[in-house]
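Raw input_27.pdb, PDB, C-alpha atoms and all ligand atoms:
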```
ATOM      1  CA  MET A1242      54.067 184.751  87.313  1.00  0.00           C
ATOM      2  CA  GLU A1243      57.855 184.810  87.715  1.00  0.00           C
ATOM      3  CA  GLY A1244      57.883 182.426  90.686  1.00  0.00           C
ATOM      4  CA  ILE A1245      55.769 179.832  88.962  1.00  0.00           C
ATOM      5  CA  ARG A1246      57.860 180.264  85.781  1.00  0.00           C
ATOM      6  CA  GLN A1247      61.088 179.559  87.624  1.00  0.00           C
ATOM      7  CA  ALA A1248      59.522 176.534  89.296  1.00  0.00           C
ATOM      8  CA  ALA A1249      58.325 175.262  85.924  1.00  0.00           C
ATOM      9  CA  VAL A1250      61.797 175.553  84.400  1.00  0.00           C
ATOM     10  CA  ALA A1251      63.336 173.717  87.372  1.00  0.00           C
ATOM     11  CA  TYR A1252      60.620 171.068  87.161  1.00  0.00           C
ATOM     12  CA  TYR A1253      61.205 170.633  83.425  1.00  0.00           C
ATOM     13  CA  GLU A1254      64.966 170.235  83.907  1.00  0.00           C
ATOM     14  CA  HIS A1255      64.302 167.232  86.137  1.00  0.00           C
ATOM     15  CA  LEU A1256      61.942 165.500  83.744  1.00  0.00           C
ATOM     16  CA  PRO A1257      63.179 162.247  82.240  1.00  0.00           C
ATOM     17  CA  GLU A1258      64.012 162.446  78.510  1.00  0.00           C
ATOM     18  CA  GLU A1259      60.821 160.703  77.413  1.00  0.00           C
ATOM     19  CA  LYS A1260      58.700 163.241  79.316  1.00  0.00           C
ATOM     20  CA  LYS A1261      60.608 166.092  77.687  1.00  0.00           C
ATOM     21  CA  LYS A1262      59.979 164.429  74.355  1.00  0.00           C
ATOM     22  CA  SER A1263      56.271 164.192  75.124  1.00  0.00           C
ATOM     23  CA  ALA A1264      56.248 167.890  76.067  1.00  0.00           C
ATOM     24  CA  GLU A1265      57.703 168.615  72.612  1.00  0.00           C
ATOM     25  CA  ASP A1266      55.115 166.329  71.017  1.00  0.00           C
ATOM     26  CA  SER A1267      52.303 168.138  72.839  1.00  0.00           C
ATOM     27  CA  PHE A1268      53.695 171.430  71.593  1.00  0.00           C
ATOM     28  CA  LYS A1269      53.637 170.145  68.013  1.00  0.00           C
ATOM     29  CA  ALA A1270      50.116 168.789  68.495  1.00  0.00           C
ATOM     30  CA  MET A1271      48.981 172.153  69.846  1.00  0.00           C
ATOM     31  CA  ASP A1272      50.644 174.018  66.976  1.00  0.00           C
ATOM     32  CA  LYS A1273      48.003 173.089  64.401  1.00  0.00           C
ATOM     33  CA  ASN A1274      49.354 175.230  61.566  1.00  0.00           C
ATOM     34  CA  GLY A1275      52.965 174.268  62.304  1.00  0.00           C
ATOM     35  CA  ASP A1276      54.371 177.798  62.440  1.00  0.00           C
ATOM     36  CA  GLY A1277      56.320 177.062  65.619  1.00  0.00           C
ATOM     37  CA  LYS A1278      54.158 179.178  67.894  1.00  0.00           C
ATOM     38  CA  ILE A1279      50.859 178.707  69.667  1.00  0.00           C
ATOM     39  CA  SER A1280      48.093 181.206  69.021  1.00  0.00           C
ATOM     40  CA  LEU A1281      45.264 181.787  71.518  1.00  0.00           C
ATOM     41  CA  ARG A1282      42.974 179.881  69.140  1.00  0.00           C
ATOM     42  CA  GLU A1283      45.309 176.846  69.013  1.00  0.00           C
ATOM     43  CA  TYR A1284      45.730 177.030  72.766  1.00  0.00           C
ATOM     44  CA  VAL A1285      42.002 177.061  73.466  1.00  0.00           C
ATOM     45  CA  ASP A1286      41.289 174.268  70.946  1.00  0.00           C
ATOM     46  CA  TYR A1287      43.989 172.003  72.326  1.00  0.00           C
ATOM     47  CA  LEU A1288      42.972 172.446  75.959  1.00  0.00           C
ATOM     48  CA  THR A1289      39.283 172.067  75.208  1.00  0.00           C
ATOM     49  CA  ASN A1290      39.921 168.848  73.278  1.00  0.00           C
ATOM     50  CA  SER A1291      42.097 167.449  76.056  1.00  0.00           C
ATOM     51  CA  ASN A1292      39.491 168.044  78.785  1.00  0.00           C
ATOM     52  CA  ASN A1293      41.392 170.940  80.299  1.00  0.00           C
ATOM     53  CA  ALA A1294      38.876 173.639  79.446  1.00  0.00           C
ATOM     54  CA  VAL A1295      39.316 175.235  82.865  1.00  0.00           C
ATOM     55  CA  PHE A1296      42.766 176.371  81.722  1.00  0.00           C
ATOM     56  CA  THR A1297      41.511 178.134  78.586  1.00  0.00           C
ATOM     57  CA  HIS A1298      40.935 181.378  80.488  1.00  0.00           C
ATOM     58  CA  PRO A1299      42.528 184.122  78.307  1.00  0.00           C
ATOM     59  CA  LYS A1300      44.129 185.510  81.457  1.00  0.00           C
ATOM     60  CA  ILE A1301      46.187 182.346  81.799  1.00  0.00           C
ATOM     61  CA  PHE A1302      47.224 182.617  78.159  1.00  0.00           C
ATOM     62  CA  ARG A1303      48.267 186.241  78.637  1.00  0.00           C
ATOM     63  CA  ALA A1304      50.179 185.323  81.783  1.00  0.00           C
ATOM     64  CA  LEU A1305      51.994 182.534  79.931  1.00  0.00           C
ATOM     65  CA  ASP A1306      52.910 184.894  77.093  1.00  0.00           C
ATOM     66  CA  LYS A1307      55.956 186.318  78.815  1.00  0.00           C
ATOM     67  CA  ASP A1308      57.172 188.525  75.944  1.00  0.00           C
ATOM     68  CA  ASN A1309      53.626 189.711  75.173  1.00  0.00           C
ATOM     69  CA  ASN A1310      53.785 188.942  71.462  1.00  0.00           C
ATOM     70  CA  GLY A1311      50.366 187.251  71.408  1.00  0.00           C
ATOM     71  CA  SER A1312      51.662 183.712  70.918  1.00  0.00           C
ATOM     72  CA  LEU A1313      53.486 181.083  72.951  1.00  0.00           C
ATOM     73  CA  ASP A1314      56.859 179.648  72.034  1.00  0.00           C
ATOM     74  CA  PHE A1315      58.048 176.339  73.463  1.00  0.00           C
ATOM     75  CA  GLY A1316      59.722 177.920  76.492  1.00  0.00           C
ATOM     76  CA  GLU A1317      56.523 179.729  77.384  1.00  0.00           C
ATOM     77  CA  THR A1318      54.448 176.553  77.179  1.00  0.00           C
ATOM     78  CA  ILE A1319      56.641 174.775  79.739  1.00  0.00           C
ATOM     79  CA  VAL A1320      54.801 176.807  82.366  1.00  0.00           C
ATOM     80  CA  LEU A1321      51.546 175.453  80.987  1.00  0.00           C
ATOM     81  CA  TYR A1322      52.670 171.842  81.474  1.00  0.00           C
ATOM     82  CA  TYR A1323      53.577 172.729  84.989  1.00  0.00           C
ATOM     83  CA  ILE A1324      50.186 174.307  85.658  1.00  0.00           C
ATOM     84  CA  LEU A1325      48.427 171.324  84.045  1.00  0.00           C
ATOM     85  CA  PHE A1326      50.484 168.893  86.061  1.00  0.00           C
ATOM     86  CA  SER A1327      49.836 170.677  89.314  1.00  0.00           C
ATOM     87  CA  ARG A1328      46.166 171.382  88.396  1.00  0.00           C
ATOM     88  CA  ARG A1329      46.806 174.875  89.601  1.00  0.00           C
ATOM     89  CA  ALA A1330      44.171 177.177  88.139  1.00  0.00           C
ATOM     90  CA  LEU A1331      43.162 179.595  90.852  1.00  0.00           C
ATOM     91  CA  PHE A1332      41.516 182.955  90.340  1.00  0.00           C
ATOM     92  CA  CYS A1333      40.991 185.831  92.725  1.00  0.00           C
ATOM     93  CA  LYS A1334      37.424 185.586  94.054  1.00  0.00           C
ATOM     94  CA  CYS A1335      37.226 189.349  93.964  1.00  0.00           C
ATOM     95  CA  CYS A1336      38.810 190.581  90.699  1.00  0.00           C
ATOM     96  CA  ASP A1337      39.145 187.260  88.821  1.00  0.00           C
ATOM     97  CA  THR A1338      42.912 187.634  88.291  1.00  0.00           C
ATOM     98  CA  PHE A1339      44.771 184.395  87.627  1.00  0.00           C
ATOM     99  CA  LEU A1340      46.725 183.727  90.824  1.00  0.00           C
ATOM    100  CA  ALA A1341      50.176 182.999  89.501  1.00  0.00           C
ATOM    101  CA  ASP A1342      52.315 183.717  92.527  1.00  0.00           C
ATOM    102  CA  VAL A1343      51.641 184.504  96.171  1.00  0.00           C
ATOM    103  CA  TYR A1344      47.972 184.735  97.110  1.00  0.00           C
ATOM    104  CA  PHE A1345      45.820 184.703 100.222  1.00  0.00           C
ATOM    105  CA  SER A1346      43.277 182.065 101.097  1.00  0.00           C
ATOM    106  CA  CYS A1347      40.645 181.913 103.837  1.00  0.00           C
ATOM    107  CA  PHE A1348      41.890 179.328 106.292  1.00  0.00           C
ATOM    108  CA  GLN A1349      38.396 178.263 107.399  1.00  0.00           C
ATOM    109  CA  CYS A1350      37.179 177.687 103.852  1.00  0.00           C
ATOM    110  CA  PHE A1351      40.423 175.955 102.986  1.00  0.00           C
ATOM    111  CA  CYS A1352      40.742 173.528 105.841  1.00  0.00           C
ATOM    112  CA  LEU A1353      37.725 173.261 108.023  1.00  0.00           C
ATOM    113  CA  ASP A1354      34.803 172.807 105.717  1.00  0.00           C
ATOM    114  CA  GLU A1355      34.994 170.009 103.153  1.00  0.00           C
ATOM    115  CA  SER A1356      31.840 171.222 101.367  1.00  0.00           C
ATOM    116  CA  THR A1357      32.892 174.774 100.500  1.00  0.00           C
ATOM    117  CA  SER A1358      35.366 175.695  97.805  1.00  0.00           C
ATOM    118  CA  THR A1359      38.494 177.613  98.737  1.00  0.00           C
ATOM    119  CA  TYR A1360      38.247 181.398  98.943  1.00  0.00           C
ATOM    120  CA  ASP A1361      41.366 182.849  97.342  1.00  0.00           C
ATOM    121  CA  LEU A1362      42.370 186.476  96.881  1.00  0.00           C
ATOM    122  CA  CYS A1363      45.162 188.259  95.065  1.00  0.00           C
ATOM    123  CA  CYS A1364      47.427 190.385  97.266  1.00  0.00           C
ATOM    124  CA  ALA A1365      45.921 193.636  95.948  1.00  0.00           C
ATOM    125  CA  CYS A1366      42.330 192.670  96.787  1.00  0.00           C
ATOM    126  CA  TYR A1367      43.300 191.261 100.166  1.00  0.00           C
ATOM    127  CA  GLY A1368      45.531 194.198 101.070  1.00  0.00           C
ATOM    128  CA  GLY A1369      43.042 196.733  99.718  1.00  0.00           C
ATOM    129  CA  LYS A1370      40.168 195.079 101.648  1.00  0.00           C
ATOM    130  CA  ARG A1371      38.104 194.938  98.464  1.00  0.00           C
ATOM    131  CA  PHE A1372      36.302 191.727  99.362  1.00  0.00           C
ATOM    132  CA  THR A1373      33.386 190.650 101.524  1.00  0.00           C
ATOM    133  CA  HIS A1374      33.644 187.295 103.233  1.00  0.00           C
ATOM    134  CA  HIS A1375      32.475 185.821 106.546  1.00  0.00           C
ATOM    135  CA  ASP A1376      33.408 188.073 109.491  1.00  0.00           C
ATOM    136  CA  ASP A1377      35.678 185.664 111.347  1.00  0.00           C
ATOM    137  CA  ALA A1378      37.738 184.730 108.270  1.00  0.00           C
ATOM    138  CA  ILE A1379      41.447 184.260 108.847  1.00  0.00           C
ATOM    139  CA  PHE A1380      43.548 184.766 105.723  1.00  0.00           C
ATOM    140  CA  TRP A1381      46.918 183.178 105.183  1.00  0.00           C
ATOM    141  CA  ASP A1382      49.228 183.417 102.233  1.00  0.00           C
ATOM    142  CA  ASN A1383      49.711 180.135 100.407  1.00  0.00           C
ATOM    143  CA  TYR A1384      53.156 179.462 101.886  1.00  0.00           C
ATOM    144  CA  THR A1385      51.929 179.870 105.441  1.00  0.00           C
ATOM    145  CA  LEU A1386      48.868 177.834 104.606  1.00  0.00           C
ATOM    146  CA  LEU A1387      51.063 174.993 103.436  1.00  0.00           C
ATOM    147  CA  SER A1388      53.093 174.844 106.634  1.00  0.00           C
ATOM    148  CA  GLN A1389      50.017 175.301 108.839  1.00  0.00           C
ATOM    149  CA  SER A1390      48.190 172.581 106.921  1.00  0.00           C
ATOM    150  CA  ARG A1391      51.017 170.210 107.583  1.00  0.00           C
ATOM    151  CA  SER A1392      50.681 170.672 111.320  1.00  0.00           C
ATOM    152  CA  LEU A1393      46.954 170.139 110.979  1.00  0.00           C
ATOM    153  CA  ALA A1394      47.432 167.038 108.866  1.00  0.00           C
ATOM    154  CA  LEU A1395      49.787 165.534 111.395  1.00  0.00           C
ATOM    155  CA  LYS A1396      47.370 166.275 114.208  1.00  0.00           C
ATOM    156  CA  ALA A1397      44.357 164.898 112.336  1.00  0.00           C
ATOM    157  CA  PRO A1398      43.118 161.410 113.182  1.00  0.00           C
ATOM    158  CA  GLU A1399      44.432 158.813 110.720  1.00  0.00           C
ATOM    159  CA  GLN A1400      41.139 158.489 108.827  1.00  0.00           C
ATOM    160  CA  ASN A1401      40.846 162.254 108.222  1.00  0.00           C
ATOM    161  CA  ARG A1402      44.428 162.729 107.194  1.00  0.00           C
ATOM    162  CA  ARG A1403      43.789 161.775 103.601  1.00  0.00           C
ATOM    163  CA  ASN A1404      41.229 164.584 103.263  1.00  0.00           C
ATOM    164  CA  VAL A1405      43.592 167.102 104.765  1.00  0.00           C
ATOM    165  CA  LEU A1406      46.331 165.950 102.407  1.00  0.00           C
ATOM    166  CA  LYS A1407      43.971 166.300  99.470  1.00  0.00           C
ATOM    167  CA  LYS A1408      43.467 169.915 100.452  1.00  0.00           C
ATOM    168  CA  ILE A1409      47.176 170.441 100.823  1.00  0.00           C
ATOM    169  CA  ALA A1410      47.689 169.072  97.336  1.00  0.00           C
ATOM    170  CA  MET A1411      45.619 172.015  96.122  1.00  0.00           C
ATOM    171  CA  ILE A1412      48.186 174.539  97.304  1.00  0.00           C
ATOM    172  CA  VAL A1413      50.424 173.655  94.459  1.00  0.00           C
ATOM    173  CA  GLN A1414      52.619 176.671  94.529  1.00  0.00           C
ATOM    174  CA  VAL A1415      56.378 176.259  94.232  1.00  0.00           C
ATOM    175  CA  THR A1416      56.643 174.590  97.610  1.00  0.00           C
ATOM    176  CA  GLY A1417      53.626 172.390  96.911  1.00  0.00           C
ATOM    177  CA  ILE A1418      55.163 170.893  93.821  1.00  0.00           C
ATOM    178  CA  VAL A1419      58.446 170.126  95.514  1.00  0.00           C
ATOM    179  CA  VAL A1420      56.837 168.664  98.587  1.00  0.00           C
ATOM    180  CA  GLY A1421      53.841 166.994  96.918  1.00  0.00           C
ATOM    181  CA  SER A1422      51.057 165.333  98.863  1.00  0.00           C
ATOM    182  CA  ALA A1423      52.585 161.863  98.514  1.00  0.00           C
ATOM    183  CA  ALA A1424      55.920 163.030  99.868  1.00  0.00           C
ATOM    184  CA  LEU A1425      54.134 164.733 102.733  1.00  0.00           C
ATOM    185  CA  ALA A1426      52.251 161.576 103.582  1.00  0.00           C
ATOM    186  CA  SER A1427      55.364 159.465 103.688  1.00  0.00           C
ATOM    187  CA  SER A1428      57.754 161.861 105.390  1.00  0.00           C
ATOM    188  CA  SER A1429      55.818 162.876 108.454  1.00  0.00           C
ATOM    189  CA  SER A1430      58.908 163.006 110.605  1.00  0.00           C
ATOM    190  CA  CYS A1431      60.938 165.585 108.703  1.00  0.00           C
ATOM    191  CA  SER A1432      60.256 169.261 108.475  1.00  0.00           C
ATOM    192  CA  ILE A1433      59.267 170.991 105.241  1.00  0.00           C
ATOM    193  CA  MET A1434      59.651 174.660 105.921  1.00  0.00           C
TER     194      MET A1434
HETATM  195 CA    CA A1501      50.637 177.935  65.405  1.00  0.00          CA
HETATM  196 CA    CA A1502      55.205 184.878  73.475  1.00  0.00          CA
HETATM  197 ZN    ZN A1503      41.982 190.350  93.181  1.00  0.00          ZN
HETATM  198 ZN    ZN A1504      36.105 181.565 104.332  1.00  0.00          ZN
END
```
Please lay out the structure from this file as structure tokens.
Amino acid sequence: MEGIRQAAVAYYEHLPEEKKKSAEDSFKAMDKNGDGKISLREYVDYLTNSNNAVFTHPKIFRALDKDNNGSLDFGETIVLYYILFSRRALFCKCCDTFLADVYFSCFQCFCLDESTSTYDLCCACYGGKRFTHHDDAIFWDNYTLLSQSRSLALKAPEQNRRNVLKKIAMIVQVTGIVVGSAALASSSSCSIM
């Protein structure tokens, strides 16, 4: 979680004042009883009401709760805005851990087949070979996947490029948020990694 936390803080620092204000307003809206901290109940209610139910997973809440005191203060919720913004809610297909930092993803499922969902694994499940997946699967960590996807996107015919970029936008780890799919699309001549 530390990587994503650092990215979130950096991201927040660059937000314009009105966006920071709206982050504070969201915090107040989430804090129903006004005690200055967000309980799991308040968290779940807020996300459910704002059509973000996929992020109500208690594992995400526990990951956000850096000091483990069972509630979120404002600093801890910054990471939530970042996750919401990047739509990054990935779970290990094997042990269901919330994938907060580096993870592995099957390259074939990620890039080659539009109809299947991505197959993502935490480092422990991938390293410990605790999963069963198609025999020829090639796994890449999300950073490698991002750079490899870029080469693929640039090689793809113009009409397919948008789909490839859409996939790339899903690898919204630290690098993904800095690069962004729009930036990738418009800066095809400079190198990312
Ligand atoms: Ca509260
Ligand atoms: Ca806390
Ligand atoms: Zn796992
Ligand atoms: Zn696969």
Within 9 Å of ligand ZN 1503 (chain A), which residues show up when you count all atoms listed in the file? List them as a PyMOL selection string, please. chain A and resi 1332-1340+1361-1367+1371-1372
Which chains and residue numbers are within 7 Å of ligand ZN 1504 (chain A), counting all atoms listed in the file, if I want them as a list in words?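 What falls inside 7 Å of ligand ZN 1504 (chain A) is Cys1347, Phe1348, Gln1349, Cys1350, Tyr1360, His1374, His1375 and Ala1378 of chain A.
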Taking the file as shown, what set of residues would the PyMOL selection byres (((chain A and resi 1266-1279) around 10) and not hetatm) give back, as a list in words? Lys1260, Lys1261, Lys1262, Ser1263, Ala1264, Glu1265, Ser1280, Leu1281, Arg1282, Glu1283, Tyr1284, Val1285, Asp1286, Tyr1287, Leu1288, Asp1306, Gly1311, Ser1312, Leu1313, Asp1314, Phe1315, Glu1317, Thr1318, Ile1319 and Tyr1322 of chain A
Can you write out the residues you just picked, keeping C-alpha atoms, as a PDB file, keeping the file's coordinate frame?
```
ATOM      1  CA  LYS A1260      58.700 163.241  79.316  1.00  0.00           C
ATOM      2  CA  LYS A1261      60.608 166.092  77.687  1.00  0.00           C
ATOM      3  CA  LYS A1262      59.979 164.429  74.355  1.00  0.00           C
ATOM      4  CA  SER A1263      56.271 164.192  75.124  1.00  0.00           C
ATOM      5  CA  ALA A1264      56.248 167.890  76.067  1.00  0.00           C
ATOM      6  CA  GLU A1265      57.703 168.615  72.612  1.00  0.00           C
ATOM      7  CA  SER A1280      48.093 181.206  69.021  1.00  0.00           C
ATOM      8  CA  LEU A1281      45.264 181.787  71.518  1.00  0.00           C
ATOM      9  CA  ARG A1282      42.974 179.881  69.140  1.00  0.00           C
ATOM     10  CA  GLU A1283      45.309 176.846  69.013  1.00  0.00           C
ATOM     11  CA  TYR A1284      45.730 177.030  72.766  1.00  0.00           C
ATOM     12  CA  VAL A1285      42.002 177.061  73.466  1.00  0.00           C
ATOM     13  CA  ASP A1286      41.289 174.268  70.946  1.00  0.00           C
ATOM     14  CA  TYR A1287      43.989 172.003  72.326  1.00  0.00           C
ATOM     15  CA  LEU A1288      42.972 172.446  75.959  1.00  0.00           C
ATOM     16  CA  ASP A1306      52.910 184.894  77.093  1.00  0.00           C
ATOM     17  CA  GLY A1311      50.366 187.251  71.408  1.00  0.00           C
ATOM     18  CA  SER A1312      51.662 183.712  70.918  1.00  0.00           C
ATOM     19  CA  LEU A1313      53.486 181.083  72.951  1.00  0.00           C
ATOM     20  CA  ASP A1314      56.859 179.648  72.034  1.00  0.00           C
ATOM     21  CA  PHE A1315      58.048 176.339  73.463  1.00  0.00           C
ATOM     22  CA  GLU A1317      56.523 179.729  77.384  1.00  0.00           C
ATOM     23  CA  THR A1318      54.448 176.553  77.179  1.00  0.00           C
ATOM     24  CA  ILE A1319      56.641 174.775  79.739  1.00  0.00           C
ATOM     25  CA  TYR A1322      52.670 171.842  81.474  1.00  0.00           C
TER      26      TYR A1322
END
```
Under the rule that all atoms listed in the file are counted, which of A:Phe1380, A:Tyr1253, A:Phe1351, A:Tyr1344 is the nearest residue to A:Leu1331?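 The closest residue to A:Leu1331 is A:Tyr1344.
Closest approach to A:His1298 among A:Ala1330, A:Val1320, A:Leu1325, A:Ser1390: A:Ala1330, based on only C-alpha atoms.
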All file atoms of stretch 1316-1323 of chain A boxed axis-aligned, 3 Å per side, centre plus edges, as JSON:
```
{"center_x": 55.6, "center_y": 175.8, "center_z": 80.7, "size_x": 14.2, "size_y": 13.9, "size_z": 14.5}
```
Residue neighbourhood A:Ala1304, 9 Å, all atoms listed in the file, exclusion window fewer than 4 positions, as a PDB file with C-alpha atoms, keeping the file's coordinate frame:
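That gives us around.pdb:
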```pdb
ATOM      1  CA  MET A1242      54.067 184.751  87.313  1.00  0.00           C
ATOM      2  CA  PRO A1299      42.528 184.122  78.307  1.00  0.00           C
ATOM      3  CA  LYS A1300      44.129 185.510  81.457  1.00  0.00           C
ATOM      4  CA  ASN A1309      53.626 189.711  75.173  1.00  0.00           C
ATOM      5  CA  PHE A1339      44.771 184.395  87.627  1.00  0.00           C
ATOM      6  CA  ALA A1341      50.176 182.999  89.501  1.00  0.00           C
TER       7      ALA A1341
END
```
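A straight line drawn from atom CA of A:Gly1316 to atom CA of A:Glu1258 is 16.2 Å long.
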May I ask which of the residues A:Leu1387, A:Glu1254, A:Thr1357, A:Ala1249 is the closest one to A:Leu1321, counting all atoms listed in the file? A:Ala1249
With only C-alpha atoms and all ligand atoms as the atoms that count, which of A:Val1343, A:Ala1248, A:Leu1305, A:Leu1395 lies nearest to ligand CA 1502 (chain A)?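 Checking each candidate against ligand CA 1502 (chain A), we get A:Leu1305 as the closest.
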Å distance separating atom CA of A:Gln1247 from atom CA of ligand CA 1502 (chain A), one decimal place: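 A separation of 16.2 Å between them.
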Using only C-alpha atoms for the distances, tell me which of A:Thr1359, A:Cys1352, A:Phe1326, A:Gly1368 is nearest to A:Arg1391.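 Distance minimum relative to A:Arg1391 lands on A:Cys1352.
Between atom CA of ligand CA 1501 (chain A) and atom CA of A:Arg1303 the interatomic distance comes to 15.8 Å.
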